[in-house]
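S.K.: Dropping in query_27.cif, with mmCIF, C-alpha atoms.
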```cif
data_input
#
loop_
_atom_site.group_PDB
_atom_site.id
_atom_site.type_symbol
_atom_site.label_atom_id
_atom_site.label_comp_id
_atom_site.auth_asym_id
_atom_site.auth_seq_id
_atom_site.Cartn_x
_atom_site.Cartn_y
_atom_site.Cartn_z
ATOM 1 C CA MET A 1 17.018 -10.879 -3.032
ATOM 2 C CA ILE A 2 18.510 -10.719 -6.488
ATOM 3 C CA PRO A 3 22.139 -9.475 -6.490
ATOM 4 C CA LEU A 4 22.290 -5.851 -7.559
ATOM 5 C CA HIS A 5 24.718 -6.528 -10.387
ATOM 6 C CA LYS A 6 22.180 -8.966 -11.880
ATOM 7 C CA LEU A 7 19.308 -6.557 -11.289
ATOM 8 C CA GLU A 8 21.236 -3.920 -13.209
ATOM 9 C CA LYS A 9 21.625 -6.172 -16.261
ATOM 10 C CA ILE A 10 18.021 -7.259 -16.809
ATOM 11 C CA PRO A 11 15.741 -5.206 -19.145
ATOM 12 C CA ARG A 12 14.538 -1.924 -17.675
ATOM 13 C CA SER A 13 10.824 -2.730 -17.442
ATOM 14 C CA GLN A 14 11.599 -6.081 -15.822
ATOM 15 C CA ARG A 15 14.110 -4.407 -13.496
ATOM 16 C CA LEU A 16 11.552 -1.878 -12.269
ATOM 17 C CA ARG A 17 8.904 -4.531 -11.668
ATOM 18 C CA LYS A 18 11.409 -6.703 -9.820
ATOM 19 C CA ALA A 19 12.510 -3.755 -7.684
ATOM 20 C CA ALA A 20 8.883 -2.991 -6.801
ATOM 21 C CA GLN A 21 8.380 -6.626 -5.802
ATOM 22 C CA ILE A 22 11.491 -6.498 -3.587
ATOM 23 C CA VAL A 23 10.260 -3.348 -1.864
ATOM 24 C CA ARG A 24 6.821 -4.875 -1.272
ATOM 25 C CA GLU A 25 8.215 -8.127 0.127
ATOM 26 C CA THR A 26 10.532 -6.167 2.418
ATOM 27 C CA GLU A 27 7.594 -4.168 3.763
ATOM 28 C CA ARG A 28 5.681 -7.365 4.518
ATOM 29 C CA ARG A 29 8.667 -8.769 6.436
ATOM 30 C CA LEU A 30 8.994 -5.480 8.281
ATOM 31 C CA ILE A 31 5.376 -5.750 9.432
ATOM 32 C CA VAL A 32 5.938 -9.279 10.741
ATOM 33 C CA THR A 33 9.324 -8.757 12.411
ATOM 34 C CA GLY A 34 9.034 -5.083 13.391
ATOM 35 C CA ASN A 35 12.517 -4.209 12.199
ATOM 36 C CA LEU A 36 14.747 -4.080 9.148
ATOM 37 C CA LEU A 37 18.008 -6.034 9.202
ATOM 38 C CA PRO A 38 21.134 -3.934 8.583
ATOM 39 C CA GLU A 39 21.957 -5.897 5.445
ATOM 40 C CA GLU A 40 18.411 -5.318 4.137
ATOM 41 C CA ALA A 41 18.666 -1.584 4.762
ATOM 42 C CA GLU A 42 22.046 -1.481 3.003
ATOM 43 C CA TYR A 43 20.730 -3.453 0.028
ATOM 44 C CA LEU A 44 17.665 -1.243 -0.360
ATOM 45 C CA GLY A 45 19.715 1.928 -0.038
ATOM 46 C CA ARG A 46 22.039 0.763 -2.821
ATOM 47 C CA MET A 47 19.103 -0.348 -4.957
ATOM 48 C CA VAL A 48 17.463 3.088 -4.612
ATOM 49 C CA GLU A 49 20.735 4.710 -5.626
ATOM 50 C CA LEU A 50 20.974 2.348 -8.605
ATOM 51 C CA LEU A 51 17.465 3.252 -9.758
ATOM 52 C CA ALA A 52 17.817 6.979 -9.146
ATOM 53 C CA GLY A 53 19.136 7.574 -12.633
ATOM 54 C CA GLU A 54 16.142 6.030 -14.399
ATOM 55 C CA VAL A 55 13.254 6.678 -12.018
ATOM 56 C CA ARG A 56 12.000 10.151 -11.217
ATOM 57 C CA PHE A 57 13.454 10.314 -7.729
ATOM 58 C CA SER A 58 13.996 13.852 -6.573
ATOM 59 C CA ARG A 59 17.269 14.342 -4.715
ATOM 60 C CA ALA A 60 15.351 15.267 -1.566
ATOM 61 C CA ALA A 61 13.210 12.116 -1.755
ATOM 62 C CA LEU A 62 16.280 9.971 -2.400
ATOM 63 C CA LYS A 63 18.118 11.398 0.594
ATOM 64 C CA ALA A 64 15.102 11.099 2.878
ATOM 65 C CA THR A 65 14.536 7.494 1.798
ATOM 66 C CA GLN A 66 18.120 6.459 2.407
ATOM 67 C CA THR A 67 18.130 8.216 5.789
ATOM 68 C CA SER A 68 14.921 6.484 6.893
ATOM 69 C CA LEU A 69 16.192 3.062 5.840
ATOM 70 C CA ALA A 70 19.200 3.507 8.100
ATOM 71 C CA GLU A 71 17.075 4.288 11.170
ATOM 72 C CA GLU A 72 15.129 2.016 13.535
ATOM 73 C CA ASP A 73 11.783 3.795 13.248
ATOM 74 C CA CYS A 74 9.425 1.186 11.753
ATOM 75 C CA VAL A 75 6.835 3.777 10.712
ATOM 76 C CA GLY A 76 9.464 5.956 9.049
ATOM 77 C CA ILE A 77 10.905 2.979 7.196
ATOM 78 C CA ARG A 78 7.439 1.965 5.972
ATOM 79 C CA ARG A 79 6.847 5.469 4.639
ATOM 80 C CA ALA A 80 10.207 5.371 2.875
ATOM 81 C CA LEU A 81 9.403 1.991 1.323
ATOM 82 C CA ASN A 82 5.985 3.247 0.281
ATOM 83 C CA THR A 83 7.578 6.266 -1.441
ATOM 84 C CA VAL A 84 9.885 4.009 -3.450
ATOM 85 C CA TYR A 85 7.084 1.581 -4.256
ATOM 86 C CA GLN A 86 4.745 4.294 -5.532
ATOM 87 C CA LEU A 87 7.488 5.820 -7.685
ATOM 88 C CA LEU A 88 8.269 2.439 -9.196
ATOM 89 C CA LEU A 89 4.581 1.776 -9.901
ATOM 90 C CA ALA A 90 4.203 5.167 -11.562
ATOM 91 C CA GLU A 91 7.252 4.532 -13.714
ATOM 92 C CA THR A 92 5.817 1.216 -14.898
ATOM 93 C CA GLY A 93 2.391 2.734 -15.549
ATOM 94 C CA ARG A 94 0.708 0.786 -12.769
ATOM 95 C CA TYR A 95 -1.271 2.026 -9.803
ATOM 96 C CA GLN A 96 -1.943 0.461 -6.463
ATOM 97 C CA ALA A 97 -5.396 -1.025 -5.965
ATOM 98 C CA ASP A 98 -7.313 -1.265 -2.703
ATOM 99 C CA TRP A 99 -6.699 -4.988 -2.495
ATOM 100 C CA ASP A 100 -2.932 -4.406 -2.677
ATOM 101 C CA PHE A 101 -2.847 -2.596 0.666
ATOM 102 C CA ILE A 102 -0.849 -4.270 3.414
ATOM 103 C CA GLU A 103 -2.938 -4.561 6.561
ATOM 104 C CA SER A 104 -0.859 -4.515 9.739
ATOM 105 C CA SER A 105 -3.404 -3.789 12.486
ATOM 106 C CA GLY A 106 -4.129 -7.424 13.285
ATOM 107 C CA GLY A 107 -7.300 -8.515 15.059
ATOM 108 C CA LEU A 108 -9.447 -5.924 16.812
ATOM 109 C CA ASP A 109 -10.233 -6.112 20.524
ATOM 110 C CA PRO A 110 -14.036 -6.147 20.999
ATOM 111 C CA SER A 111 -13.626 -5.062 24.634
ATOM 112 C CA LYS A 112 -12.410 -1.655 23.446
ATOM 113 C CA ARG A 113 -15.657 -0.915 21.623
ATOM 114 C CA ARG A 114 -17.776 1.968 22.881
ATOM 115 C CA VAL A 115 -21.328 1.320 21.772
ATOM 116 C CA PHE A 116 -24.343 3.602 21.769
ATOM 117 C CA PRO A 117 -27.229 1.256 22.711
ATOM 118 C CA GLY A 118 -29.979 1.447 20.129
ATOM 119 C CA MET A 119 -27.845 2.980 17.365
ATOM 120 C CA GLN A 120 -28.429 0.637 14.441
ATOM 121 C CA VAL A 121 -28.218 0.829 10.642
ATOM 122 C CA TYR A 122 -29.867 -0.940 7.728
ATOM 123 C CA LEU A 123 -27.854 -1.333 4.521
ATOM 124 C CA GLU A 124 -30.328 -1.767 1.696
ATOM 125 C CA ASP A 125 -29.042 -3.338 -1.529
ATOM 126 C CA ILE A 126 -25.531 -1.858 -1.319
ATOM 127 C CA ARG A 127 -23.905 -3.468 -4.347
ATOM 128 C CA SER A 128 -20.201 -2.773 -3.893
ATOM 129 C CA PRO A 129 -18.251 -4.924 -1.411
ATOM 130 C CA PHE A 130 -15.888 -1.966 -1.001
ATOM 131 C CA ASN A 131 -18.788 0.242 0.091
ATOM 132 C CA VAL A 132 -20.135 -2.417 2.454
ATOM 133 C CA GLY A 133 -16.708 -2.803 4.055
ATOM 134 C CA SER A 134 -16.281 0.946 4.367
ATOM 135 C CA MET A 135 -19.738 1.303 5.919
ATOM 136 C CA PHE A 136 -18.983 -1.442 8.438
ATOM 137 C CA ARG A 137 -15.804 0.379 9.360
ATOM 138 C CA ALA A 138 -17.665 3.682 9.820
ATOM 139 C CA ALA A 139 -20.479 2.017 11.765
ATOM 140 C CA GLU A 140 -18.013 0.374 14.145
ATOM 141 C CA SER A 141 -15.921 3.514 14.511
ATOM 142 C CA PHE A 142 -18.916 5.619 15.521
ATOM 143 C CA GLY A 143 -20.394 3.179 18.010
ATOM 144 C CA ALA A 144 -23.177 1.397 16.123
ATOM 145 C CA GLU A 145 -24.775 -1.410 18.061
ATOM 146 C CA LYS A 146 -25.745 -3.523 15.051
ATOM 147 C CA VAL A 147 -25.864 -3.603 11.243
ATOM 148 C CA TRP A 148 -28.866 -5.050 9.393
ATOM 149 C CA LEU A 149 -28.526 -6.151 5.772
ATOM 150 C CA SER A 150 -31.143 -6.433 3.046
ATOM 151 C CA PRO A 151 -31.432 -9.720 1.132
ATOM 152 C CA PHE A 152 -29.484 -8.329 -1.839
ATOM 153 C CA CYS A 153 -26.809 -6.337 -0.009
ATOM 154 C CA ALA A 154 -23.245 -7.335 -0.915
ATOM 155 C CA ASP A 155 -21.692 -9.918 1.374
ATOM 156 C CA PRO A 156 -19.622 -8.449 4.261
ATOM 157 C CA ARG A 157 -17.558 -11.636 4.052
ATOM 158 C CA HIS A 158 -16.539 -10.901 0.487
ATOM 159 C CA LYS A 159 -12.749 -10.585 0.524
ATOM 160 C CA ARG A 160 -12.883 -6.985 -0.701
ATOM 161 C CA ALA A 161 -15.476 -6.035 1.907
ATOM 162 C CA GLU A 162 -13.405 -7.608 4.672
ATOM 163 C CA ARG A 163 -10.310 -5.900 3.327
ATOM 164 C CA THR A 164 -11.979 -2.499 3.484
ATOM 165 C CA ALA A 165 -13.658 -3.156 6.843
ATOM 166 C CA MET A 166 -10.258 -3.967 8.395
ATOM 167 C CA GLY A 167 -11.588 -6.379 11.008
ATOM 168 C CA CYS A 168 -14.854 -4.583 11.804
ATOM 169 C CA VAL A 169 -16.995 -7.353 10.280
ATOM 170 C CA ASP A 170 -15.665 -9.657 13.012
ATOM 171 C CA ILE A 171 -16.549 -7.485 16.006
ATOM 172 C CA LEU A 172 -19.669 -5.605 14.901
ATOM 173 C CA PRO A 173 -22.894 -7.657 15.231
ATOM 174 C CA TRP A 174 -24.763 -7.956 11.941
ATOM 175 C CA GLU A 175 -27.669 -9.882 10.507
ATOM 176 C CA ARG A 176 -29.140 -10.371 7.043
ATOM 177 C CA PHE A 177 -32.864 -10.469 6.423
ATOM 178 C CA PRO A 178 -33.953 -13.370 4.177
ATOM 179 C CA HIS A 179 -36.810 -11.237 2.813
ATOM 180 C CA ASP A 180 -37.599 -7.543 2.409
ATOM 181 C CA PRO A 181 -38.276 -6.404 6.012
ATOM 182 C CA PHE A 182 -40.358 -3.438 4.836
ATOM 183 C CA ALA A 183 -42.726 -5.517 2.712
ATOM 184 C CA PRO A 184 -46.162 -6.214 4.269
ATOM 185 C CA PRO A 185 -46.609 -9.717 5.734
ATOM 186 C CA GLU A 186 -48.022 -12.282 3.328
ATOM 187 C CA GLY A 187 -50.863 -13.940 5.182
ATOM 188 C CA ALA A 188 -50.895 -15.255 8.715
ATOM 189 C CA ASN A 189 -47.818 -17.385 8.138
ATOM 190 C CA GLY A 190 -46.343 -15.492 5.225
ATOM 191 C CA ASP A 191 -42.773 -15.561 4.016
ATOM 192 C CA THR A 192 -42.034 -11.923 4.754
ATOM 193 C CA ALA A 193 -41.503 -10.478 8.195
ATOM 194 C CA PRO A 194 -41.655 -6.710 8.731
ATOM 195 C CA PHE A 195 -38.960 -4.896 10.661
ATOM 196 C CA SER A 196 -40.007 -5.300 14.286
ATOM 197 C CA GLU A 197 -37.680 -2.568 15.506
ATOM 198 C CA GLY A 198 -37.418 1.164 14.911
ATOM 199 C CA PRO A 199 -37.911 4.076 14.738
ATOM 200 C CA PHE A 200 -36.427 4.730 11.300
ATOM 201 C CA PHE A 201 -34.857 7.548 9.364
ATOM 202 C CA ALA A 202 -33.400 7.490 5.856
ATOM 203 C CA LEU A 203 -30.199 8.926 4.452
ATOM 204 C CA GLU A 204 -31.725 10.370 1.304
ATOM 205 C CA THR A 205 -32.192 13.563 -0.671
ATOM 206 C CA GLY A 206 -35.128 15.848 0.067
ATOM 207 C CA GLY A 207 -34.835 15.597 3.829
ATOM 208 C CA PHE A 208 -33.787 17.799 6.719
ATOM 209 C CA PRO A 209 -30.287 19.263 6.275
ATOM 210 C CA LEU A 210 -27.776 17.398 8.421
ATOM 211 C CA GLY A 211 -27.274 20.324 10.794
ATOM 212 C CA ASP A 212 -31.017 20.605 11.468
ATOM 213 C CA PHE A 213 -31.897 16.947 11.836
ATOM 214 C CA SER A 214 -32.917 15.688 15.290
ATOM 215 C CA PHE A 215 -31.136 12.370 15.757
ATOM 216 C CA PRO A 216 -32.893 9.809 17.962
ATOM 217 C CA SER A 217 -31.340 8.295 21.061
ATOM 218 C CA ARG A 218 -32.389 4.924 19.628
ATOM 219 C CA GLY A 219 -33.227 4.218 16.007
ATOM 220 C CA ILE A 220 -32.254 2.661 12.690
ATOM 221 C CA MET A 221 -30.744 4.625 9.837
ATOM 222 C CA ILE A 222 -31.533 3.325 6.361
ATOM 223 C CA ALA A 223 -28.837 3.734 3.687
ATOM 224 C CA GLY A 224 -29.847 2.714 0.179
ATOM 225 C CA SER A 225 -28.362 1.478 -3.067
ATOM 226 C CA GLU A 226 -25.557 3.395 -4.764
ATOM 227 C CA GLU A 227 -27.612 3.714 -7.941
ATOM 228 C CA LEU A 228 -31.231 3.671 -6.810
ATOM 229 C CA GLY A 229 -31.162 5.128 -3.320
ATOM 230 C CA VAL A 230 -33.546 4.009 -0.587
ATOM 231 C CA SER A 231 -36.426 1.863 -1.880
ATOM 232 C CA PRO A 232 -39.973 3.319 -1.905
ATOM 233 C CA LYS A 233 -41.129 0.879 0.812
ATOM 234 C CA ALA A 234 -38.236 1.676 3.134
ATOM 235 C CA LEU A 235 -38.546 5.374 2.387
ATOM 236 C CA ALA A 236 -42.242 5.260 3.258
ATOM 237 C CA ALA A 237 -41.387 3.638 6.589
ATOM 238 C CA ALA A 238 -38.839 6.374 7.295
ATOM 239 C CA ASP A 239 -41.205 9.176 6.280
ATOM 240 C CA ALA A 240 -43.855 7.733 8.587
ATOM 241 C CA SER A 241 -41.341 7.615 11.425
ATOM 242 C CA LEU A 242 -38.432 10.086 11.831
ATOM 243 C CA GLY A 243 -38.113 11.275 8.243
ATOM 244 C CA ARG A 244 -35.039 11.854 6.113
ATOM 245 C CA VAL A 245 -31.643 13.417 6.670
ATOM 246 C CA SER A 246 -29.741 14.980 3.757
ATOM 247 C CA ILE A 247 -26.202 16.330 3.407
ATOM 248 C CA PRO A 248 -26.058 19.776 1.784
ATOM 249 C CA THR A 249 -23.505 19.955 -1.044
ATOM 250 C CA TRP A 250 -22.199 22.851 -3.117
ATOM 251 C CA GLY A 251 -20.359 21.140 -5.967
ATOM 252 C CA ALA A 252 -21.387 20.507 -9.556
ATOM 253 C CA LYS A 253 -21.923 16.788 -8.869
ATOM 254 C CA GLY A 254 -24.281 17.407 -6.000
ATOM 255 C CA SER A 255 -23.947 13.926 -4.527
ATOM 256 C CA LEU A 256 -21.542 11.760 -2.537
ATOM 257 C CA ASN A 257 -20.430 8.156 -2.583
ATOM 258 C CA VAL A 258 -22.826 6.254 -0.325
ATOM 259 C CA SER A 259 -20.117 5.116 2.078
ATOM 260 C CA VAL A 260 -18.782 8.676 2.387
ATOM 261 C CA ALA A 261 -22.260 10.091 3.032
ATOM 262 C CA PHE A 262 -22.918 7.276 5.505
ATOM 263 C CA GLY A 263 -19.740 8.069 7.426
ATOM 264 C CA ILE A 264 -20.602 11.780 7.626
ATOM 265 C CA VAL A 265 -24.069 11.110 9.045
ATOM 266 C CA MET A 266 -22.792 8.424 11.448
ATOM 267 C CA GLN A 267 -20.277 10.880 12.877
ATOM 268 C CA ALA A 268 -22.964 13.526 13.348
ATOM 269 C CA TRP A 269 -25.284 11.023 15.040
ATOM 270 C CA ALA A 270 -22.521 9.730 17.327
ATOM 271 C CA ALA A 271 -21.461 13.270 18.261
ATOM 272 C CA GLU A 272 -25.046 14.111 19.226
ATOM 273 C CA LEU A 273 -25.394 10.971 21.339
ATOM 274 C CA ALA A 274 -22.018 11.502 22.998
ATOM 275 C CA LYS A 275 -22.915 15.091 23.868
ATOM 276 C CA HIS A 276 -26.169 14.055 25.513
ATOM 277 C CA GLN A 277 -24.505 11.240 27.413
ATOM 278 C CA PHE A 278 -21.840 13.650 28.687
ATOM 279 C CA VAL A 279 -24.553 16.072 29.861
ATOM 280 C CA GLU A 280 -26.439 13.267 31.625
ATOM 281 C CA VAL A 281 -23.282 12.053 33.385
ATOM 282 C CA ASN A 282 -22.473 15.557 34.623
ATOM 283 C CA ALA A 283 -26.046 16.099 35.758
ATOM 284 C CA ASN A 284 -25.823 13.006 37.977
ATOM 285 C CA VAL A 285 -22.499 13.915 39.564
#
```
Show me this structure written as structure tokens.

M.R.:
Amino acid sequence: MIPLHKLEKIPRSQRLRKAAQIVRETERRLIVTGNLLPEEAEYLGRMVELLAGEVRFSRAALKATQTSLAEEDCVGIRRALNTVYQLLLAETGRYQADWDFIESSGGLDPSKRRVFPGMQVYLEDIRSPFNVGSMFRAAESFGAEKVWLSPFCADPRHKRAERTAMGCVDILPWERFPHDPFAPPEGANGDTAPFSEGPFFALETGGFPLGDFSFPSRGIMIAGSEELGVSPKALAAADASLGRVSIPTWGAKGSLNVSVAFGIVMQAWAAELAKHQFVEVNANV
């Protein structure tokens, strides 16, 4: 770490950026080692005090930060470091991006997964890797058995998708179709292969309100493109099967980000399945 007397002498903008870098590097070491060395805590406490006159630290935030740095609570120290880091970013006119997050959970244990057999999803032409990663995370969290991908869905192995999924891409089974699975077969040995599984329902406007929809014990939910929604072919398959589920909204926008809407419906579906499973278990006792 740069000596504080040298940090104090460099130009202000450079000093703030350097201080932010120091805080970030300290947090990364804290994640690896699980503790903060006494000399590190002392250095950071003095650096915060040095910066207090030129960064908008409130007295309460300054005191809380210095107190946390002196303790052995790793979570409390991380929150203190995050407070300082965000204040420094704001002062320099920068903001943290999703890919700047520090992931500390490590690998996920597949044996801890609770899966609802037959609960599957089809992500159709989701363009944003962030949305794909978020949808993988929601699907895994709510017990999905498998994720199917359309030919043009963003890659779950994209670094931003993996970053958002936080390990879920590694433990949740998934498969990409090489062709549109809802297109009719092209001849006896055609290139396209229709979806052999089902039944289907679509997350789309114009359907049953979420609270009134009858979720299947086994089925595939179709979630469509951020811009275009579910394709006509996939929507026709859903309408001919279980129909559509919609989320009532009351705001001026009247719509939700696809990964947010997906997470809401996945939770509702999982809650319904869990309730029925609980009833069945009790009935057999």

S.K.: Residues at most 8 Å from A:Arg244, counting all atoms listed in the file, excluding those fewer than 6 positions away in the same chain, as a ChimeraX atom specification?

M.R.: /A:201-208,238

S.K.: Can you translate the PyMOL selection byres ((chain A and resi 274) around 12) into the concrete residues it hits in this file, as JSON, numbers by chain?

M.R.: {"A": [114, 115, 116, 117, 119, 142, 143, 215, 217, 266, 267, 268, 269, 270, 271, 272, 273, 275, 276, 277, 278, 279, 280, 281]}

S.K.: Find the residue from A:Thr67, A:Gly224, A:Trp250, A:Val84 that sits nearest to A:Ser128; use all atoms listed in the file when measuring.

M.R.: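 Once distances to A:Ser128 are computed over all atoms listed in the file, the minimum belongs to A:Gly224.
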
S.K.: May I have the residues within 8 Å of A:Phe130 as a VMD selection string, using only C-alpha atoms and disregarding those fewer than 5 positions away in the same chain?

M.R.: chain A and resid 160 to 161 164

S.K.: Atom CA of A:Thr83 to atom CA of A:Leu16: how many Å, to one decimal?

M.R.: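 Pair atom CA of A:Thr83 / atom CA of A:Leu16 returns 14.1 Å.
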
S.K.: Would you list the contacts of stretch 42-58 of chain A as a PyMOL selection string, taking every protein, DNA or RNA residue within 12 Å and counting only C-alpha atoms, but skipping same-chain residues closer than 5 positions in sequence?

M.R.: chain A and resi 1-9+12-13+15-20+22-27+36-37+63-71+77+80-81+83-92

S.K.: Which residues, written as a list in words, have at least one atom at most 8 Å from A:Ile247, with all atoms listed in the file counted and residues fewer than 6 positions away on the same chain left out?

M.R.: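 Non-adjacent residues within range: Thr205, Pro209, Leu210, Ala261 and Val265 of chain A.
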
S.K.: Rounded to one decimal in Å, what is the spacing between atom CA of A:Arg157 and atom CA of A:Leu123?

M.R.: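 Separation of atom CA of A:Arg157 and atom CA of A:Leu123: 14.6 Å.
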
S.K.: Which is closest to A:Leu149 among A:Arg137, A:Lys233, A:Arg163, A:Arg176, if we use all atoms listed in the file?

M.R.: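 Nearest to A:Leu149: A:Arg176.
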
S.K.: Rebuild stretch 162-184 of chain A so that it carries N, CA and C atoms, then output the result as a short mmCIF file (atom, residue, chain, number, x, y, z; two decimals), keeping the file's coordinate frame.

M.R.:
```
data_model
loop_
_atom_site.label_atom_id
_atom_site.label_comp_id
_atom_site.auth_asym_id
_atom_site.auth_seq_id
_atom_site.Cartn_x
_atom_site.Cartn_y
_atom_site.Cartn_z
N GLU A 162 -14.20 -7.39 3.46
CA GLU A 162 -13.40 -7.61 4.67
C GLU A 162 -12.12 -6.80 4.64
N ARG A 163 -11.54 -6.68 3.47
CA ARG A 163 -10.31 -5.90 3.33
C ARG A 163 -10.55 -4.44 3.69
N THR A 164 -11.67 -3.90 3.22
CA THR A 164 -11.98 -2.50 3.48
C THR A 164 -12.44 -2.29 4.92
N ALA A 165 -13.15 -3.27 5.47
CA ALA A 165 -13.66 -3.16 6.84
C ALA A 165 -12.55 -3.26 7.88
N MET A 166 -11.42 -3.87 7.52
CA MET A 166 -10.26 -3.97 8.40
C MET A 166 -10.60 -4.54 9.78
N GLY A 167 -11.30 -5.67 9.77
CA GLY A 167 -11.59 -6.38 11.01
C GLY A 167 -12.92 -6.05 11.63
N CYS A 168 -13.60 -5.01 11.16
CA CYS A 168 -14.85 -4.58 11.80
C CYS A 168 -15.99 -5.57 11.59
N VAL A 169 -15.95 -6.35 10.51
CA VAL A 169 -17.00 -7.35 10.28
C VAL A 169 -16.97 -8.40 11.38
N ASP A 170 -15.81 -8.62 11.99
CA ASP A 170 -15.66 -9.66 13.01
C ASP A 170 -16.18 -9.22 14.38
N ILE A 171 -16.19 -7.92 14.66
CA ILE A 171 -16.55 -7.48 16.01
C ILE A 171 -17.85 -6.70 16.07
N LEU A 172 -18.41 -6.34 14.92
CA LEU A 172 -19.67 -5.60 14.90
C LEU A 172 -20.81 -6.57 14.60
N PRO A 173 -21.78 -6.74 15.50
CA PRO A 173 -22.89 -7.66 15.23
C PRO A 173 -23.66 -7.25 13.97
N TRP A 174 -23.99 -8.24 13.15
CA TRP A 174 -24.76 -7.96 11.94
C TRP A 174 -25.65 -9.14 11.61
N GLU A 175 -26.70 -8.85 10.86
CA GLU A 175 -27.67 -9.88 10.51
C GLU A 175 -28.30 -9.54 9.17
N ARG A 176 -28.50 -10.56 8.34
CA ARG A 176 -29.14 -10.37 7.04
C ARG A 176 -30.58 -10.87 7.09
N PHE A 177 -31.48 -10.04 6.56
CA PHE A 177 -32.86 -10.47 6.42
C PHE A 177 -33.00 -11.39 5.21
N PRO A 178 -33.74 -12.49 5.34
CA PRO A 178 -33.95 -13.37 4.18
C PRO A 178 -34.96 -12.79 3.20
N HIS A 179 -35.80 -11.86 3.66
CA HIS A 179 -36.81 -11.24 2.81
C HIS A 179 -36.82 -9.74 3.09
N ASP A 180 -37.49 -8.99 2.24
CA ASP A 180 -37.60 -7.54 2.41
C ASP A 180 -38.31 -7.24 3.73
N PRO A 181 -37.64 -6.63 4.70
CA PRO A 181 -38.28 -6.40 6.01
C PRO A 181 -39.32 -5.29 6.00
N PHE A 182 -39.37 -4.52 4.91
CA PHE A 182 -40.36 -3.44 4.84
C PHE A 182 -41.57 -3.82 3.99
N ALA A 183 -41.57 -5.04 3.47
CA ALA A 183 -42.73 -5.52 2.71
C ALA A 183 -43.81 -5.96 3.69
N PRO A 184 -45.09 -5.77 3.36
CA PRO A 184 -46.16 -6.21 4.27
C PRO A 184 -46.17 -7.73 4.39
#
```
